[in-house]
>>> print(open('upload-v6.cif').read())   # mmCIF, C-alpha atoms
data_work
loop_
_atom_site.label_atom_id
_atom_site.label_comp_id
_atom_site.auth_asym_id
_atom_site.auth_seq_id
_atom_site.Cartn_x
_atom_site.Cartn_y
_atom_site.Cartn_z
CA ALA A 1 13.87 26.31 -8.53
CA VAL A 2 12.05 22.97 -8.44
CA MET A 3 12.57 22.32 -12.15
CA ARG A 4 16.25 23.29 -11.98
CA THR A 5 16.82 20.84 -9.14
CA SER A 6 14.87 18.14 -10.97
CA GLU A 7 16.95 18.62 -14.10
CA ARG A 8 20.15 18.45 -12.05
CA TRP A 9 19.12 15.28 -10.21
CA ASN A 10 18.34 13.55 -13.50
CA GLN A 11 21.73 14.25 -15.07
CA PRO A 12 23.61 10.94 -15.55
CA GLY A 13 25.90 10.27 -12.61
CA TYR A 14 24.81 13.28 -10.56
CA MET A 15 23.04 11.39 -7.77
CA GLU A 16 25.82 8.81 -7.52
CA LYS A 17 28.30 11.64 -6.97
CA LEU A 18 26.01 13.52 -4.56
CA LEU A 19 25.25 10.52 -2.35
CA GLY A 20 28.58 8.71 -2.63
CA ASP A 21 29.06 5.49 -0.68
CA GLN A 22 27.26 6.61 2.49
CA PRO A 23 24.68 3.98 3.51
CA HIS A 24 21.19 5.39 4.06
CA ARG A 25 17.93 4.13 5.46
CA THR A 26 16.36 1.53 3.24
CA GLU A 27 13.09 -0.29 3.75
CA TYR A 28 12.77 -3.83 2.41
CA SER A 29 9.52 -5.64 1.62
CA PRO A 30 9.06 -9.18 0.27
CA ASN A 31 6.39 -7.71 -2.02
CA ASN A 32 5.57 -4.24 -3.36
CA HIS A 33 3.58 -3.05 -0.30
CA PHE A 34 5.10 -0.69 2.25
CA MET A 35 3.19 -0.10 5.46
CA TYR A 36 4.64 2.25 8.07
CA TRP A 37 4.99 0.69 11.52
CA GLN A 38 6.45 1.33 14.95
CA LYS A 39 7.59 -1.25 17.46
CA PRO A 40 4.48 -2.02 19.55
CA LYS A 41 4.47 -1.12 23.23
CA LYS A 42 3.75 -3.79 25.83
CA LYS A 43 0.79 -1.87 27.25
CA MET A 44 -0.79 -1.76 23.80
CA ARG A 45 -0.44 -5.53 23.51
CA LYS A 46 -2.11 -5.92 26.89
CA LYS A 47 -4.99 -3.72 25.72
CA GLY A 48 -5.48 -5.99 22.72
CA LEU A 49 -4.61 -3.29 20.19
CA VAL A 50 -1.86 -5.42 18.66
CA PRO A 51 -2.90 -8.78 17.11
CA GLU A 52 -1.06 -11.73 18.63
CA ASP A 53 0.19 -12.80 15.21
CA TRP A 54 1.40 -9.30 14.22
CA THR A 55 4.82 -9.15 12.59
CA PRO A 56 6.59 -6.12 11.06
CA PRO A 57 5.43 -5.76 7.44
CA THR A 58 8.85 -4.48 6.31
CA GLU A 59 12.48 -4.73 7.37
CA MET A 60 14.73 -1.74 8.04
CA MET A 61 18.32 -1.75 6.76
CA ARG A 62 20.92 0.59 5.32
CA MET A 63 22.64 0.55 1.93
CA PRO A 64 24.45 2.96 -0.40
CA PHE A 65 22.56 4.56 -3.27
CA ALA A 66 24.36 2.52 -5.95
CA GLU A 67 23.19 -0.73 -4.37
CA TRP A 68 19.58 0.47 -4.19
CA LEU A 69 19.73 1.70 -7.78
CA GLU A 70 20.90 -1.70 -8.95
CA HIS A 71 17.74 -3.22 -7.44
CA ALA A 72 15.55 -0.43 -8.86
CA ASN A 73 16.94 -0.66 -12.39
CA ALA A 74 16.12 -4.35 -12.82
CA LYS A 75 16.01 -5.06 -16.56
CA ASP A 76 13.77 -8.10 -16.15
CA GLU A 77 10.22 -6.79 -15.64
CA SER A 78 9.27 -10.07 -13.94
CA LEU A 79 11.50 -9.04 -11.03
CA LEU A 80 9.28 -6.01 -10.44
CA GLY A 81 5.99 -7.88 -10.00
CA PRO A 82 3.78 -7.31 -6.94
CA ASP A 83 5.00 -10.49 -5.25
CA MET A 84 8.69 -9.78 -5.80
CA GLU A 85 11.14 -8.08 -3.44
CA HIS A 86 11.15 -4.27 -3.38
CA TRP A 87 13.35 -1.67 -1.70
CA TYR A 88 12.39 1.90 -0.69
CA TYR A 89 15.31 4.32 -0.22
CA ARG A 90 15.33 7.32 2.09
CA LEU A 91 17.37 10.46 2.75
CA ILE A 92 16.81 12.77 5.73
CA GLY A 93 18.04 16.32 6.19
CA CYS A 94 17.53 16.99 9.89
CA GLY A 95 17.98 20.76 9.96
CA GLU A 96 16.95 22.30 13.27
CA GLN A 97 16.06 18.86 14.61
CA GLY A 98 19.77 18.22 15.11
CA ASP A 99 21.16 14.71 14.81
CA CYS A 100 17.93 12.91 13.84
CA ASP A 101 19.49 10.31 11.55
CA ARG A 102 22.83 8.52 11.27
CA GLY A 103 24.63 9.98 8.27
CA SER A 104 21.99 12.69 7.83
CA SER A 105 21.87 14.45 4.45
CA GLU A 106 22.14 18.12 5.38
CA TYR A 107 23.10 19.00 1.80
CA LEU A 108 19.40 18.61 0.98
CA PHE A 109 18.84 22.15 2.27
CA ASP A 110 21.21 23.42 -0.43
CA GLU A 111 19.94 21.08 -3.14
CA LEU A 112 16.28 21.90 -2.36
CA SER A 113 16.58 25.58 -1.52
CA PHE A 114 12.82 26.01 -1.98
CA PHE A 115 12.35 23.89 1.17
CA GLN A 116 14.59 26.06 3.34
CA PRO A 117 12.79 27.26 6.53
CA ARG A 118 12.86 30.99 5.77
CA ASN A 119 10.22 33.56 6.63
CA ASP A 120 10.27 34.81 3.02
CA ASN A 121 9.50 31.30 1.74
CA ASP A 122 5.77 31.29 2.52
CA LEU A 123 4.79 29.52 -0.71
CA TYR A 124 6.36 26.24 0.44
CA MET A 125 6.76 26.87 4.15
CA VAL A 126 3.70 28.03 6.12
CA ASN A 127 5.42 27.94 9.51
CA PRO A 128 9.23 27.71 9.15
CA LYS A 129 9.79 27.24 12.89
CA LYS A 130 7.74 24.03 12.77
CA GLN A 131 9.64 22.43 9.92
CA LYS A 132 10.50 18.75 10.54
CA GLY A 133 13.47 18.50 8.20
CA ILE A 134 13.51 17.40 4.56
CA HIS A 135 12.68 13.79 3.73
CA CYS A 136 13.37 12.19 0.36
CA ARG A 137 12.04 8.77 -0.65
CA PHE A 138 13.24 6.99 -3.75
CA GLY A 139 10.82 4.40 -5.11
CA MET A 140 11.41 1.58 -7.56
CA LYS A 141 8.66 0.72 -10.04
CA GLY A 142 5.61 -0.83 -8.39
CA VAL A 143 6.27 0.34 -4.83
CA ILE A 144 3.03 1.06 -2.95
CA ALA A 145 2.98 3.29 0.12
CA GLU A 146 -0.20 2.24 1.93
CA ASN A 147 -2.99 4.75 2.50
CA HIS A 148 -2.54 6.97 5.56
CA PHE A 149 -2.78 10.51 6.88
CA ASP A 150 -0.09 12.72 8.43
CA GLY A 151 -0.59 15.06 11.34
CA SER A 152 0.92 18.16 9.72
CA ARG A 153 0.98 20.20 6.53
CA ASN A 154 2.93 18.43 3.82
CA MET A 155 4.57 19.93 0.73
CA ILE A 156 5.69 17.27 -1.75
CA ALA A 157 7.98 17.74 -4.76
CA LEU A 158 8.69 15.05 -7.34
CA MET A 159 12.27 15.34 -8.52
CA GLY A 160 12.30 12.44 -10.98
CA GLY A 161 10.03 9.79 -12.47
CA GLU A 162 6.27 9.54 -11.88
CA ARG A 163 4.02 8.74 -8.91
CA ARG A 164 0.28 8.20 -8.76
CA TYR A 165 -1.39 9.75 -5.72
CA ILE A 166 -4.89 8.67 -4.69
CA LEU A 167 -6.24 11.25 -2.24
CA ALA A 168 -9.16 11.29 0.17
CA HIS A 169 -10.68 14.05 2.29
CA PRO A 170 -10.47 13.48 6.08
CA GLU A 171 -14.27 13.12 6.16
CA GLN A 172 -13.75 9.75 4.45
CA CYS A 173 -11.94 8.25 7.45
CA GLU A 174 -14.88 6.06 8.56
CA ASN A 175 -14.91 4.37 5.14
CA LEU A 176 -11.19 3.60 5.19
CA SER A 177 -11.02 1.21 8.21
CA LEU A 178 -8.02 2.76 9.93
CA PHE A 179 -5.81 0.90 12.34
CA PRO A 180 -6.54 2.53 15.74
CA ARG A 181 -4.29 4.44 18.11
CA GLY A 182 -1.86 2.04 19.74
CA HIS A 183 -1.61 -0.24 16.71
CA PRO A 184 1.91 -0.39 15.18
CA SER A 185 0.47 1.03 11.92
CA ALA A 186 -2.00 3.52 13.44
CA ARG A 187 -3.29 6.16 11.00
CA HIS A 188 -3.09 3.68 8.11
CA SER A 189 -5.92 1.96 6.28
CA ALA A 190 -6.26 -1.76 7.00
CA VAL A 191 -7.65 -2.21 3.48
CA ASP A 192 -5.43 -3.52 0.72
CA TRP A 193 -6.36 -0.88 -1.85
CA SER A 194 -4.84 -2.94 -4.65
CA ASP A 195 -7.14 -5.90 -3.87
CA PRO A 196 -9.88 -4.94 -1.38
CA ASP A 197 -11.62 -7.60 0.67
CA TRP A 198 -15.20 -6.37 0.18
CA ASP A 199 -16.61 -8.84 2.70
CA GLN A 200 -14.28 -7.69 5.46
CA PHE A 201 -14.46 -3.98 4.56
CA PRO A 202 -17.90 -3.36 2.97
CA GLN A 203 -17.83 0.35 3.86
CA PHE A 204 -14.80 0.80 1.58
CA ARG A 205 -17.23 0.68 -1.37
CA ASP A 206 -18.50 4.09 -0.24
CA ALA A 207 -15.08 5.74 -0.12
CA GLU A 208 -14.70 8.77 -2.36
CA VAL A 209 -11.27 9.69 -3.70
CA ASN A 210 -9.56 11.66 -6.42
CA GLU A 211 -6.19 11.12 -7.99
CA VAL A 212 -3.30 12.89 -9.62
CA ILE A 213 -0.14 11.72 -11.35
CA LEU A 214 2.93 13.71 -10.33
CA GLN A 215 5.78 14.07 -12.80
CA ALA A 216 9.27 15.45 -12.31
CA GLY A 217 9.03 19.12 -11.31
CA ASP A 218 5.47 18.90 -9.94
CA VAL A 219 4.66 19.99 -6.38
CA LEU A 220 1.64 18.81 -4.36
CA TYR A 221 0.35 20.41 -1.16
CA LEU A 222 -1.38 18.04 1.27
CA PRO A 223 -3.25 19.72 4.14
CA THR A 224 -3.11 18.19 7.60
CA PHE A 225 -5.01 14.88 7.92
CA TRP A 226 -5.56 14.33 4.18
CA PHE A 227 -5.27 10.68 3.14
CA HIS A 228 -2.86 9.56 0.44
CA TYR A 229 -2.06 6.24 -1.23
CA ILE A 230 1.01 6.29 -3.46
CA ILE A 231 2.08 4.08 -6.37
CA SER A 232 5.50 4.41 -7.98
CA LEU A 233 5.00 4.20 -11.75
CA ASP A 234 8.73 3.95 -12.43
CA VAL A 235 12.01 4.73 -10.67
CA ASN A 236 11.34 8.05 -8.94
CA TYR A 237 12.69 10.59 -6.46
CA GLN A 238 10.30 12.40 -4.13
CA CYS A 239 11.11 14.94 -1.42
CA ASN A 240 8.79 16.53 1.12
CA THR A 241 8.82 18.83 4.10
CA ARG A 242 6.28 19.67 6.79
CA SER A 243 5.59 22.99 8.48
CA GLY A 244 3.16 22.93 11.35
CA VAL A 245 -0.43 21.89 11.78
CA THR A 246 -3.77 23.28 10.66
CA LYS A 247 -6.89 22.27 12.60
CA ASP A 248 -9.22 22.71 9.62
CA TYR A 249 -10.04 18.99 9.45
CA GLN A 250 -9.63 18.01 13.10
CA GLU A 251 -13.37 17.42 13.54
CA HIS A 252 -13.43 14.79 10.79
CA ILE A 253 -10.37 12.88 11.93
CA SER A 254 -11.53 12.98 15.57
CA GLU A 255 -14.57 10.95 14.55
CA CYS A 256 -12.15 8.09 13.84
CA GLY A 257 -10.41 8.31 17.20
CA PHE A 258 -7.46 10.54 16.35
#
>>> encode(input="upload-v6.cif", output="structure tokens")
Amino acid sequence: AVMRTSERWNQPGYMEKLLGDQPHRTEYSPNNHFMYWQKPKKKMRKKGLVPEDWTPPTEMMRMPFAEWLEHANAKDESLLGPDMEHWYYRLIGCGEQGDCDRGSSEYLFDELSFFQPRNDNDLYMVNPKKQKGIHCRFGMKGVIAENHFDGSRNMIALMGGERRYILAHPEQCENLSLFPRGHPSARHSAVDWSDPDWDQFPQFRDAEVNEVILQAGDVLYLPTFWFHYIISLDVNYQCNTRSGVTKDYQEHISECGF
């Protein structure tokens, strides 16, 4: 089912027809780094958890797929350098969450039938009742999703292109210098993994990781609290879904304040 969907999504013109002119969430960065963030709360600022000079690392906007694809398919490789503008495209199928996104993409449940929350779908869906929708992220070449962990099981399918995943066990959290609870980018590593500051983060030298390159049709299971740092190797389509929490690694992540 995954390969059939991947083949369909990579047919010329298919995605343009599927997505049409509907604008979807798009994240903009002046460089190739994308760090998740939430608007900081006043009480967190008062507690000193938010630096005074903090500014959002990315900008949220909406655009149709064709506009994003024009950015992603830049013919001039110099436009894809690490200090050039990048855009990260996103689709959300809300499912049982209801109206979780303007212009939500409920057709994803038909397109990605293997992610449907059914009791007979235990390969991809451990706890169907805890599913948090289907999320698809389209990356242009060079996009980096900064290292972080998620608080639930995560099943990831690559539908097109290639992505490099660098993974770390939750026991590595003390080596990764995480932003603390209350910080706009809590759960994320403060280290620039593409150019580490060894003086500021000496413990990062001790971090142990492994890596895998996902290609179209591959599926990766990430247990709760596992760290992942993602590099888009070319234009790619990735979709994931979550289904509940396992406490197997809670002890490790608790040592870092989560």
>>> residues_around(input="upload-v6.cif", residues="region 217-222 of chain A", least_positions_apart="2", cutoff="7 Å", atoms="only C-alpha atoms", output="ChimeraX atom specification")
/A:2-3,6,153-159,214-215,224,226
>>> residues_around(input="upload-v6.cif", residues="region 174-190 of chain A", least_positions_apart="3", cutoff="10 Å", atoms="all atoms listed in the file", output="JSON list (two decimals) with C-alpha atoms, keeping the file's coordinate frame")
[["chain", "number", "residue", "atom", "x", "y", "z"],
["A", 35, "MET", "CA", 3.19, -0.10, 5.46],
["A", 36, "TYR", "CA", 4.64, 2.25, 8.07],
["A", 37, "TRP", "CA", 4.99, 0.69, 11.52],
["A", 38, "GLN", "CA", 6.45, 1.33, 14.95],
["A", 39, "LYS", "CA", 7.59, -1.25, 17.46],
["A", 40, "PRO", "CA", 4.48, -2.02, 19.55],
["A", 41, "LYS", "CA", 4.47, -1.12, 23.23],
["A", 43, "LYS", "CA", 0.79, -1.87, 27.25],
["A", 44, "MET", "CA", -0.79, -1.76, 23.80],
["A", 45, "ARG", "CA", -0.44, -5.53, 23.51],
["A", 47, "LYS", "CA", -4.99, -3.72, 25.72],
["A", 48, "GLY", "CA", -5.48, -5.99, 22.72],
["A", 49, "LEU", "CA", -4.61, -3.29, 20.19],
["A", 50, "VAL", "CA", -1.86, -5.42, 18.66],
["A", 51, "PRO", "CA", -2.90, -8.78, 17.11],
["A", 54, "TRP", "CA", 1.40, -9.30, 14.22],
["A", 55, "THR", "CA", 4.82, -9.15, 12.59],
["A", 56, "PRO", "CA", 6.59, -6.12, 11.06],
["A", 57, "PRO", "CA", 5.43, -5.76, 7.44],
["A", 146, "GLU", "CA", -0.20, 2.24, 1.93],
["A", 147, "ASN", "CA", -2.99, 4.75, 2.50],
["A", 148, "HIS", "CA", -2.54, 6.97, 5.56],
["A", 149, "PHE", "CA", -2.78, 10.51, 6.88],
["A", 150, "ASP", "CA", -0.09, 12.72, 8.43],
["A", 151, "GLY", "CA", -0.59, 15.06, 11.34],
["A", 168, "ALA", "CA", -9.16, 11.29, 0.17],
["A", 170, "PRO", "CA", -10.47, 13.48, 6.08],
["A", 171, "GLU", "CA", -14.27, 13.12, 6.16],
["A", 193, "TRP", "CA", -6.36, -0.88, -1.85],
["A", 196, "PRO", "CA", -9.88, -4.94, -1.38],
["A", 200, "GLN", "CA", -14.28, -7.69, 5.46],
["A", 201, "PHE", "CA", -14.46, -3.98, 4.56],
["A", 202, "PRO", "CA", -17.90, -3.36, 2.97],
["A", 203, "GLN", "CA", -17.83, 0.35, 3.86],
["A", 204, "PHE", "CA", -14.80, 0.80, 1.58],
["A", 205, "ARG", "CA", -17.23, 0.68, -1.37],
["A", 206, "ASP", "CA", -18.50, 4.09, -0.24],
["A", 207, "ALA", "CA", -15.08, 5.74, -0.12],
["A", 208, "GLU", "CA", -14.70, 8.77, -2.36],
["A", 225, "PHE", "CA", -5.01, 14.88, 7.92],
["A", 227, "PHE", "CA", -5.27, 10.68, 3.14],
["A", 228, "HIS", "CA", -2.86, 9.56, 0.44],
["A", 229, "TYR", "CA", -2.06, 6.24, -1.23],
["A", 252, "HIS", "CA", -13.43, 14.79, 10.79],
["A", 253, "ILE", "CA", -10.37, 12.88, 11.93],
["A", 255, "GLU", "CA", -14.57, 10.95, 14.55],
["A", 256, "CYS", "CA", -12.15, 8.09, 13.84],
["A", 257, "GLY", "CA", -10.41, 8.31, 17.20],
["A", 258, "PHE", "CA", -7.46, 10.54, 16.35]]
>>> residues_around(input="upload-v6.cif", residues="Glu77 (chain A)", least_positions_apart="6", cutoff="12 Å", atoms="only C-alpha atoms", output="list in words")
His71, Met84, Met140, Lys141, Gly142 and Asp234 of chain A
>>> write_last_selection(input="upload-v6.cif", atoms="C-alpha atoms", output="mmCIF file, in the coordinates of the input")
data_model
loop_
_atom_site.group_PDB
_atom_site.id
_atom_site.type_symbol
_atom_site.label_atom_id
_atom_site.label_comp_id
_atom_site.auth_asym_id
_atom_site.auth_seq_id
_atom_site.Cartn_x
_atom_site.Cartn_y
_atom_site.Cartn_z
ATOM 1 C CA HIS A 71 17.740 -3.220 -7.440
ATOM 2 C CA MET A 84 8.690 -9.780 -5.800
ATOM 3 C CA MET A 140 11.410 1.580 -7.560
ATOM 4 C CA LYS A 141 8.660 0.720 -10.040
ATOM 5 C CA GLY A 142 5.610 -0.830 -8.390
ATOM 6 C CA ASP A 234 8.730 3.950 -12.430
#
>>> closest_residue(input="upload-v6.cif", among="A:Lys247, A:Arg90, A:Lys132, A:Arg164", to="His24 (chain A)", atoms="only C-alpha atoms")
A:Arg90
>>> residues_around(input="upload-v6.cif", residues="Arg4 (chain A)", least_positions_apart="6", cutoff="12 Å", atoms="all atoms listed in the file", output="ChimeraX atom specification")
/A:10-11,111-114,159-160,216-218
>>> closest_residue(input="upload-v6.cif", among="A:Asn240, A:Gln97, A:Asn119, A:Ser104", to="Phe138 (chain A)", atoms="all atoms listed in the file")
A:Asn240
>>> atom_distance(input="upload-v6.cif", atom1="CA of Thr5 (chain A)", atom2="CA of Tyr88 (chain A)")
21.2 Å
>>> build_atoms(input="upload-v6.cif", residues="region 167-180 of chain A", atoms="N, CA, C and O atoms", output="PDB file, keeping the file's coordinate frame")
ATOM      1  N   LEU A 167      -6.013  10.373  -3.391  1.00  0.00           N
ATOM      2  CA  LEU A 167      -6.240  11.250  -2.240  1.00  0.00           C
ATOM      3  C   LEU A 167      -7.664  11.136  -1.730  1.00  0.00           C
ATOM      4  O   LEU A 167      -8.596  10.922  -2.508  1.00  0.00           O
ATOM      5  N   ALA A 168      -7.821  11.314  -0.422  1.00  0.00           N
ATOM      6  CA  ALA A 168      -9.160  11.290   0.170  1.00  0.00           C
ATOM      7  C   ALA A 168      -9.248  12.358   1.256  1.00  0.00           C
ATOM      8  O   ALA A 168      -8.316  12.557   2.041  1.00  0.00           O
ATOM      9  N   HIS A 169     -10.380  13.028   1.282  1.00  0.00           N
ATOM     10  CA  HIS A 169     -10.680  14.050   2.290  1.00  0.00           C
ATOM     11  C   HIS A 169     -10.769  13.377   3.668  1.00  0.00           C
ATOM     12  O   HIS A 169     -11.202  12.215   3.777  1.00  0.00           O
ATOM     13  N   PRO A 170     -10.374  14.062   4.735  1.00  0.00           N
ATOM     14  CA  PRO A 170     -10.470  13.480   6.080  1.00  0.00           C
ATOM     15  C   PRO A 170     -11.869  13.000   6.466  1.00  0.00           C
ATOM     16  O   PRO A 170     -11.998  12.098   7.308  1.00  0.00           O
ATOM     17  N   GLU A 171     -12.911  13.557   5.846  1.00  0.00           N
ATOM     18  CA  GLU A 171     -14.270  13.120   6.160  1.00  0.00           C
ATOM     19  C   GLU A 171     -14.529  11.683   5.716  1.00  0.00           C
ATOM     20  O   GLU A 171     -15.525  11.077   6.102  1.00  0.00           O
ATOM     21  N   GLN A 172     -13.609  11.125   4.924  1.00  0.00           N
ATOM     22  CA  GLN A 172     -13.750   9.750   4.450  1.00  0.00           C
ATOM     23  C   GLN A 172     -13.195   8.719   5.437  1.00  0.00           C
ATOM     24  O   GLN A 172     -13.255   7.514   5.166  1.00  0.00           O
ATOM     25  N   CYS A 173     -12.685   9.162   6.575  1.00  0.00           N
ATOM     26  CA  CYS A 173     -11.940   8.250   7.450  1.00  0.00           C
ATOM     27  C   CYS A 173     -12.765   7.039   7.879  1.00  0.00           C
ATOM     28  O   CYS A 173     -12.235   5.929   7.987  1.00  0.00           O
ATOM     29  N   GLU A 174     -14.068   7.190   8.097  1.00  0.00           N
ATOM     30  CA  GLU A 174     -14.880   6.060   8.560  1.00  0.00           C
ATOM     31  C   GLU A 174     -15.043   4.987   7.478  1.00  0.00           C
ATOM     32  O   GLU A 174     -15.370   3.838   7.787  1.00  0.00           O
ATOM     33  N   ASN A 175     -14.817   5.356   6.233  1.00  0.00           N
ATOM     34  CA  ASN A 175     -14.910   4.370   5.140  1.00  0.00           C
ATOM     35  C   ASN A 175     -13.592   3.646   4.887  1.00  0.00           C
ATOM     36  O   ASN A 175     -13.556   2.695   4.108  1.00  0.00           O
ATOM     37  N   LEU A 176     -12.517   4.103   5.540  1.00  0.00           N
ATOM     38  CA  LEU A 176     -11.190   3.600   5.190  1.00  0.00           C
ATOM     39  C   LEU A 176     -10.658   2.558   6.169  1.00  0.00           C
ATOM     40  O   LEU A 176      -9.565   2.028   5.969  1.00  0.00           O
ATOM     41  N   SER A 177     -11.397   2.271   7.248  1.00  0.00           N
ATOM     42  CA  SER A 177     -11.020   1.210   8.210  1.00  0.00           C
ATOM     43  C   SER A 177      -9.581   1.394   8.696  1.00  0.00           C
ATOM     44  O   SER A 177      -8.690   0.581   8.407  1.00  0.00           O
ATOM     45  N   LEU A 178      -9.361   2.453   9.439  1.00  0.00           N
ATOM     46  CA  LEU A 178      -8.020   2.760   9.930  1.00  0.00           C
ATOM     47  C   LEU A 178      -7.623   1.868  11.094  1.00  0.00           C
ATOM     48  O   LEU A 178      -8.448   1.514  11.936  1.00  0.00           O
ATOM     49  N   PHE A 179      -6.340   1.512  11.132  1.00  0.00           N
ATOM     50  CA  PHE A 179      -5.810   0.900  12.340  1.00  0.00           C
ATOM     51  C   PHE A 179      -5.877   1.937  13.453  1.00  0.00           C
ATOM     52  O   PHE A 179      -5.537   3.103  13.242  1.00  0.00           O
ATOM     53  N   PRO A 180      -6.301   1.560  14.667  1.00  0.00           N
ATOM     54  CA  PRO A 180      -6.540   2.530  15.740  1.00  0.00           C
ATOM     55  C   PRO A 180      -5.252   3.005  16.421  1.00  0.00           C
ATOM     56  O   PRO A 180      -4.170   2.455  16.191  1.00  0.00           O
TER      57      PRO A 180
END
